[in-house]
Amino acid sequence: MSVDLRTRYMGLELKHPIVASASPLTGSIESLQRLQDAGVAAVVLPSLFEEQIEHEEMATHELMMFGAELSPEAHGFFPEMQNYPTGPERYLKLIADAKQSLSVPVIASLNGHTPGGWTSIARQLQEAGADAIELNVYFLAASVDDTSAEVEQRYVDLVASVTRQVGIPVAVKVAPYFSAMANMAKRLTTAGASGLVLFNRFLQPDIVLDDLEVSPHLVLSTSDELRLALRWIAILRGRVDASLAATGGAHTPEDVLKLLLAGADCVMLASSLLTKGPGHVDTLVRGVRAWMTERDYTSVAQMKGSLSQQSCPDPDAFERANYMRALTSYTSEFV
Ligand SMILES: Cc1cc2nc3c(=O)[nH]c(=O)nc-3n(C[C@H](O)[C@H](O)[C@H](O)COP(=O)(O)O)c2cc1C
């Protein structure tokens with residue numbers, strides 16, 4: 001019996017649920033080609049950052065002002081800002097080249113935190129050929145004056161400001177640190193998000209004792225991280241009008257299967273591909289197919305979400321009751 005691994009993510013037809021997440025592996029055509037040859041179902045390009053866009057615009061603006069200051073007539077020689085080839089030309093070229101050389105969907109990624117003018121770049125990502133956009137909102141509310149209501153509104157405004165520019169689907173990659181994650185997910189979809197990518201991983205800085213320095217610390221994930229996304233995908237499946245992508249801690253076929261059972265439409269990988277190489281995609285696809293065949297599942301569509309909170313026999317397992325049970329039943333040789 002053959003198993004139908006196809007899945008839909010924000011309207012994109014994927015041949016199976018395994019997608020290459022944004023990482024250096026998706027940053028060049030050669031590497032993207034290797035991922036496609038290895039069988040990946042879609043790719044998310046590394047992020048173009050708000051700071052990169054604004055930096056280039058500022059640099060161009062300063063250049064124009066410098067020229068204009070030399071002589072008032074010089075104004076006429078400088079083209080209008082919107083016609084000037086400023087901004088992330090290399091990124092747009094990467095999208096265009098990727099679209100030309102790949103047959104799998106190409107998702108561009110924007111990374112920012114303010115709903116400013118930089119978001120108009122979204123239209124150019126669409127024009128360059130991106131099949132969808134992933135908006136990574138990386139914002140740490142470190143000011144003691146930032147209220148949660150303001151922070152949440154900032155996310156909603158940012159999503160609205162990107163989605164209103166484009167006709168292609170936009171997914172939002174968010175961190176899990178909201179007081180009311182489920183409501184936030186609903187508000188993001190109401191603001192225009194067609195997909196949610198759960199979850200963004202904030203880098204946790206570390207202190208290097210030898211140098212007495214604070215260093216940014218990028219640690220690759222392990223399968224232990226999987227359960228954060230697992231819980232929220234299970235809770236949100238069927239409750240928000242958006243596709244759900246899992247990211248963070250998927251390394252084995254079992255990890256992928258758990259996320260699909262919870263309700264993920266696709267599973268995005270960075271760490272496992274960075275450590276094991278693109279060939280790992282095939283190991284995962286084979287493993288998923290073998291398990292499904294053994295369990296008589298005929299398709300991913302049939303299996304997807306069958307252990308979401310709405311469908312599983314013990315919905316409390318995803319909420320407080322599970323926490324209480326886990327704490328009170330814990331044993332160790334010293335207890
Ligand atoms: C080296 C590296 C670079 C990354 N660059 C980006 C990026 O540009 N944009 C983004 O949204 N996520 C980026 N990520 C996050 C990954 O896309 C992914 O969401 C995260 O690593 C969790 O998935 P994993 O457990 O499979 O690694 C990066 C991760 C790594 C390890």
# chains A, B, ... in the order shown; residues from 1 in each chain; ligands from 1
$ residues_near_ligand --ligand "ligand 1" --cutoff "10 Å" --atoms "only C-alpha atoms and all ligand atoms" --output "number ranges by chain"
A: 19-27, 44-49, 108-112, 134-138, 172-174, 197-203, 218-226, 246-251, 267-275
$ select_by_dssp --residues "segment 99-221 of chain A" --states "strand (DSSP E or B)" --output "ChimeraX atom specification"
/A:106-112,132-137,170-174,195-198,206-208,213-215
$ select_by_dssp --residues "segment 31-246 of chain A" --states "alpha helix (DSSP H)" --output "MDAnalysis selection string"
chainID A and resid 31:37 50:70 89:101 121:127 148:163 181:190 226:236
$ closest_residue --among "A:Arg231, A:Arg154, A:His280, A:Lys258" --to "Pro315 of chain A" --atoms "only C-alpha atoms"
A:Arg231
$ closest_atom_pairs --of "segment 221-306 of chain A" --to "segment 183-193 of chain A" --cutoff "12 Å" --atoms "only C-alpha atoms" --output "tab-separated table"
residue	atom	partner	partner_atom	distance
A:Trp232	CA	A:Ala185	CA	10.0
A:Ile233	CA	A:Ala185	CA	10.6
A:Ile235	CA	A:Ala185	CA	10.8
A:Leu236	CA	A:Ala185	CA	8.0
A:Arg237	CA	A:Ala185	CA	11.0
A:Gly238	CA	A:Lys186	CA	11.3
A:Arg239	CA	A:Lys186	CA	8.1
A:Val240	CA	A:Lys186	CA	5.7
A:Asp241	CA	A:Thr189	CA	6.6
A:Ala242	CA	A:Thr189	CA	6.4
A:Ser243	CA	A:Ala193	CA	9.1
A:Leu244	CA	A:Ala185	CA	10.4
$ write_last_selection --atoms "N, CA and C atoms" --output "compact mmCIF listing (two decimals), in the first residue's frame"
# COMPACT_ATOMS: atom_id res chain seq x y z
N TRP A 232 1.53 23.54 21.49
CA TRP A 232 0.75 24.66 20.95
C TRP A 232 0.12 24.33 19.60
N ILE A 233 0.79 23.50 18.84
CA ILE A 233 0.17 23.08 17.58
C ILE A 233 -1.07 22.24 17.89
N ILE A 235 -2.94 22.43 20.50
CA ILE A 235 -4.00 23.30 21.04
C ILE A 235 -4.63 24.14 19.92
N LEU A 236 -3.80 24.63 19.00
CA LEU A 236 -4.31 25.57 17.98
C LEU A 236 -4.97 24.87 16.79
N ARG A 237 -4.63 23.62 16.55
CA ARG A 237 -5.20 22.90 15.40
C ARG A 237 -6.74 22.93 15.46
N GLY A 238 -7.33 23.47 14.42
CA GLY A 238 -8.80 23.54 14.36
C GLY A 238 -9.37 24.76 15.05
N ARG A 239 -8.54 25.52 15.72
CA ARG A 239 -9.06 26.68 16.45
C ARG A 239 -8.69 28.00 15.81
N VAL A 240 -7.69 27.99 14.95
CA VAL A 240 -7.34 29.21 14.21
C VAL A 240 -7.40 28.91 12.72
N ASP A 241 -7.72 29.94 11.97
CA ASP A 241 -7.89 29.78 10.54
C ASP A 241 -6.53 30.02 9.86
N ALA A 242 -5.58 29.13 10.12
CA ALA A 242 -4.24 29.31 9.54
C ALA A 242 -3.55 27.96 9.47
N SER A 243 -2.64 27.85 8.50
CA SER A 243 -1.78 26.67 8.46
C SER A 243 -0.82 26.74 9.62
N LEU A 244 -0.37 25.57 10.06
CA LEU A 244 0.56 25.53 11.19
C LEU A 244 1.84 24.82 10.78
$ closest_atom_pairs --of "segment 91-185 of chain A" --to "segment 31-38 of chain A" --cutoff "8 Å" --atoms "only C-alpha atoms" --output "tab-separated table"
residue	atom	partner	partner_atom	distance
A:Ala98	CA	A:Leu32	CA	7.5
A:Ser101	CA	A:Gln33	CA	7.5
A:Leu102	CA	A:Gln33	CA	6.9
A:Val104	CA	A:Gln36	CA	7.2
$ residues_around --residues "segment 145-151 of chain A" --least-positions-apart "6" --cutoff "10 Å" --atoms "only C-alpha atoms" --output "PyMOL selection string"
chain A and resi 113+139+157+178-179
$ atom_distance --atom1 "atom CA of Arg286 of chain A" --atom2 "atom CA of Ala234 of chain A"
24.1 Å
$ closest_residue --among "A:Gly116, A:Val285, A:Asp255, A:Val162" --to "Ala229 of chain A" --atoms "only C-alpha atoms"
A:Asp255
$ residues_around --residues "Ser215 of chain A" --least-positions-apart "3" --cutoff "12 Å" --atoms "only C-alpha atoms" --output "PyMOL selection string"
chain A and resi 203-212+218
